[in-house]
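One structure is given below, encoded as structure tokens.
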Amino acid sequence: MRLLDQFGALIVFINTLIHEAGLPAPLTPTVLVAAAAMSDVVKQTAELTAAIVAGSVLGNAIWFALGRKYGSRVLTRLCRLSLSPQSCVTKTGAAFGRWGSALLIIGRFIPGVSLVAPPVAGALGMPWRRFLWLSALGAALWALPIILLGYLLKEVLASLLDALRDSRLDATLVVIGIVGVYLAWRYVRRQQAMRIKGVPRIEPAALNAALSNATAPIVIDVRSDDAAAVPGPHIPGARFHSLNTLHNLPLEQLAGRAVVLYCACPEEASAAMGALVLKGRGHLDARALKGGIDAWVDAGFEAPLSRRAGPNVVRQLEHEL
């Protein structure tokens, strides 16, 4: 505790920078313990908050700059790094459509969004000045409640640390156990990612040809349940069902027809996950559109804007960003 009292801000800054850069370094436990070790509440609260804000802005600025320069390519890399479909840009893109640039503040409290929001903001062309102050404000609003909670729980946390130090468990065994749990968790996530990659894909040209048949497949946009929440292009005739809805969607609505799902995320992660959901429920003929809506648009096929979203929503978002 004495070490954290003296160097807590520096440790928290380094942890925050590593965490915001996308590496698996849990931040909340470090902040809680550092806050519990404070001896000068006002001064050290300000120091810890400044450390979190500085680390967050620097870490987020890396992804923001990459998003401005490389666009969707950096999002593909980020999706592979996280191995999580929840980190897919489809979730963050829909959230930007709802919250606009305020997502850089709100996204701090939404799992899977805080890491992806900066490169998406960069890819959408948000000005540097707006990004920096919104990122700083979001980090500060996140930091203050966590620091306060850590200080209020200082006796509980100190007791836990003392119990761990006084226990007969060897510290090495504790570390090995923690690392083992983490590696097991990563293995499970990797297996999930491999299942997603194994979902059959269909090329945009093949889907376009199939849509003219009498037994055309049902096309599902998994980005939202509401077309108005998805500004931008969509495939004509597509139904809008989010991943949560697919878990309870009556299968008779699919009438035994083939299903093609699409999203706007790297490696079709959300669409592939939706196909797995349907397959798990017994609808075996479900595929993901390779390349998603971007590949469909790039191929030159018809892709009107959402009827209820309309171009005004898109223009409003572009103006705000």
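Lettering and numbering for the structure tokens are positional, with chains as A, B, ... in the shown order, residues counted from 1 in each chain, and ligands counted from 1 in the shown order.
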
Task: Long-range neighbours of range 133-143 of chain A as a list in words, 9 Å cut-off, only C-alpha atoms, 5 positions minimum in chain - done: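 Once the adjacent positions are removed, what remains is Val31, Leu48, Thr49, Ala50, Ile52, Val53, Ala54, Ser56, Val57, Asn60, Ala61, Ser101, Ala102, Leu103, Leu104, Ile105, Ile106, Gly107, Arg108, Phe109, Pro118, Trp128 and Leu148 of chain A.
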
TODO: Using only C-alpha atoms, determine which residues lie at most 9 Å from Val260 in chain A, disregarding the query and same-chain residues fewer than 3 positions distant; provide the list as a PyMOL selection string.
DONE: chain A and resi 201-202+207+217-221+271+275+285-289

Open item on the list: Report, in Å with one decimal, the straight-line distance from CA of Val120 in chain A to CA of Cys265 in chain A.
Closed with: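 Taking CA of Val120 in chain A and CA of Cys265 in chain A, their separation equals 11.2 Å.
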
Task: Test item: residues at most 7 Å from range 16-20 of chain A, only C-alpha atoms, excluding those fewer than 4 positions along its chain, as an MDAnalysis selection string - done: chainID A and resid 12 24:27 52 55:56 58:60 115

Expected file: the selected residues, all heavy atoms, as an mmCIF file, in the first residue's frame:
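What ended up in part-v8.cif:
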```
data_model
loop_
_atom_site.group_PDB
_atom_site.id
_atom_site.type_symbol
_atom_site.label_atom_id
_atom_site.label_comp_id
_atom_site.auth_asym_id
_atom_site.auth_seq_id
_atom_site.Cartn_x
_atom_site.Cartn_y
_atom_site.Cartn_z
ATOM 1 N N VAL A 12 -0.954 3.855 -12.275
ATOM 2 C CA VAL A 12 -2.262 3.935 -12.927
ATOM 3 C C VAL A 12 -2.136 4.486 -14.349
ATOM 4 O O VAL A 12 -2.800 4.021 -15.278
ATOM 5 C CB VAL A 12 -3.230 4.796 -12.094
ATOM 6 C CG1 VAL A 12 -4.479 5.158 -12.894
ATOM 7 C CG2 VAL A 12 -3.625 4.052 -10.821
ATOM 8 N N PRO A 24 -4.366 -6.648 -23.004
ATOM 9 C CA PRO A 24 -5.196 -7.173 -21.907
ATOM 10 C C PRO A 24 -4.616 -6.846 -20.540
ATOM 11 O O PRO A 24 -4.006 -7.690 -19.882
ATOM 12 C CB PRO A 24 -5.196 -8.682 -22.175
ATOM 13 C CG PRO A 24 -3.907 -8.942 -22.881
ATOM 14 C CD PRO A 24 -3.658 -7.722 -23.729
ATOM 15 N N ALA A 25 -4.796 -5.603 -20.100
ATOM 16 C CA ALA A 25 -4.320 -5.174 -18.787
ATOM 17 C C ALA A 25 -5.504 -4.595 -18.021
ATOM 18 O O ALA A 25 -5.892 -3.439 -18.261
ATOM 19 C CB ALA A 25 -3.213 -4.127 -18.931
ATOM 20 N N PRO A 26 -6.129 -5.377 -17.129
ATOM 21 C CA PRO A 26 -7.307 -4.894 -16.382
ATOM 22 C C PRO A 26 -7.005 -3.586 -15.666
ATOM 23 O O PRO A 26 -5.991 -3.461 -14.973
ATOM 24 C CB PRO A 26 -7.589 -6.031 -15.399
ATOM 25 C CG PRO A 26 -6.982 -7.245 -16.035
ATOM 26 C CD PRO A 26 -5.764 -6.750 -16.763
ATOM 27 N N LEU A 27 -7.882 -2.615 -15.822
ATOM 28 C CA LEU A 27 -7.638 -1.281 -15.281
ATOM 29 C C LEU A 27 -8.379 -1.032 -13.971
ATOM 30 O O LEU A 27 -7.808 -0.472 -13.022
ATOM 31 C CB LEU A 27 -8.037 -0.224 -16.315
ATOM 32 C CG LEU A 27 -7.914 1.239 -15.889
ATOM 33 C CD1 LEU A 27 -6.478 1.565 -15.501
ATOM 34 C CD2 LEU A 27 -8.389 2.158 -17.009
ATOM 35 N N ILE A 52 -5.375 8.917 -15.287
ATOM 36 C CA ILE A 52 -6.306 8.147 -16.117
ATOM 37 C C ILE A 52 -6.654 8.915 -17.383
ATOM 38 O O ILE A 52 -6.712 8.346 -18.485
ATOM 39 C CB ILE A 52 -7.576 7.812 -15.307
ATOM 40 C CG1 ILE A 52 -7.234 6.837 -14.180
ATOM 41 C CG2 ILE A 52 -8.655 7.219 -16.207
ATOM 42 C CD1 ILE A 52 -8.359 6.604 -13.198
ATOM 43 N N GLY A 55 -3.505 8.873 -19.713
ATOM 44 C CA GLY A 55 -3.312 7.558 -20.315
ATOM 45 C C GLY A 55 -4.387 7.217 -21.318
ATOM 46 O O GLY A 55 -4.107 6.642 -22.379
ATOM 47 N N SER A 56 -5.635 7.587 -21.016
ATOM 48 C CA SER A 56 -6.751 7.300 -21.924
ATOM 49 C C SER A 56 -6.624 8.084 -23.221
ATOM 50 O O SER A 56 -6.794 7.536 -24.315
ATOM 51 C CB SER A 56 -8.081 7.632 -21.245
ATOM 52 O OG SER A 56 -8.310 6.802 -20.125
ATOM 53 N N LEU A 58 -3.947 9.442 -24.591
ATOM 54 C CA LEU A 58 -2.813 8.983 -25.389
ATOM 55 C C LEU A 58 -3.109 7.635 -26.057
ATOM 56 O O LEU A 58 -2.837 7.447 -27.244
ATOM 57 C CB LEU A 58 -1.560 8.866 -24.513
ATOM 58 C CG LEU A 58 -0.908 10.173 -24.079
ATOM 59 C CD1 LEU A 58 0.248 9.903 -23.128
ATOM 60 C CD2 LEU A 58 -0.423 10.964 -25.294
ATOM 61 N N GLY A 59 -3.656 6.701 -25.282
ATOM 62 C CA GLY A 59 -3.979 5.397 -25.848
ATOM 63 C C GLY A 59 -5.043 5.480 -26.924
ATOM 64 O O GLY A 59 -4.925 4.864 -27.997
ATOM 65 N N ASN A 60 -6.112 6.256 -26.662
ATOM 66 C CA ASN A 60 -7.168 6.408 -27.653
ATOM 67 C C ASN A 60 -6.688 7.153 -28.887
ATOM 68 O O ASN A 60 -7.159 6.893 -30.004
ATOM 69 C CB ASN A 60 -8.362 7.160 -27.042
ATOM 70 C CG ASN A 60 -9.085 6.348 -25.999
ATOM 71 O OD1 ASN A 60 -8.991 5.126 -25.971
ATOM 72 N ND2 ASN A 60 -9.814 7.019 -25.122
ATOM 73 N N LEU A 115 -13.128 0.580 -26.765
ATOM 74 C CA LEU A 115 -11.911 0.351 -27.542
ATOM 75 C C LEU A 115 -12.109 0.674 -29.016
ATOM 76 O O LEU A 115 -11.204 1.165 -29.685
ATOM 77 C CB LEU A 115 -11.451 -1.104 -27.384
ATOM 78 C CG LEU A 115 -10.179 -1.503 -28.131
ATOM 79 C CD1 LEU A 115 -8.994 -0.676 -27.658
ATOM 80 C CD2 LEU A 115 -9.893 -2.988 -27.941
#
```

TODO: Work out how far apart CA of Leu243 in chain A and CA of Arg68 in chain A are and give it in Å to one decimal.
DONE: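 Atom-to-atom, CA of Leu243 in chain A and CA of Arg68 in chain A are spaced 28.9 Å apart.
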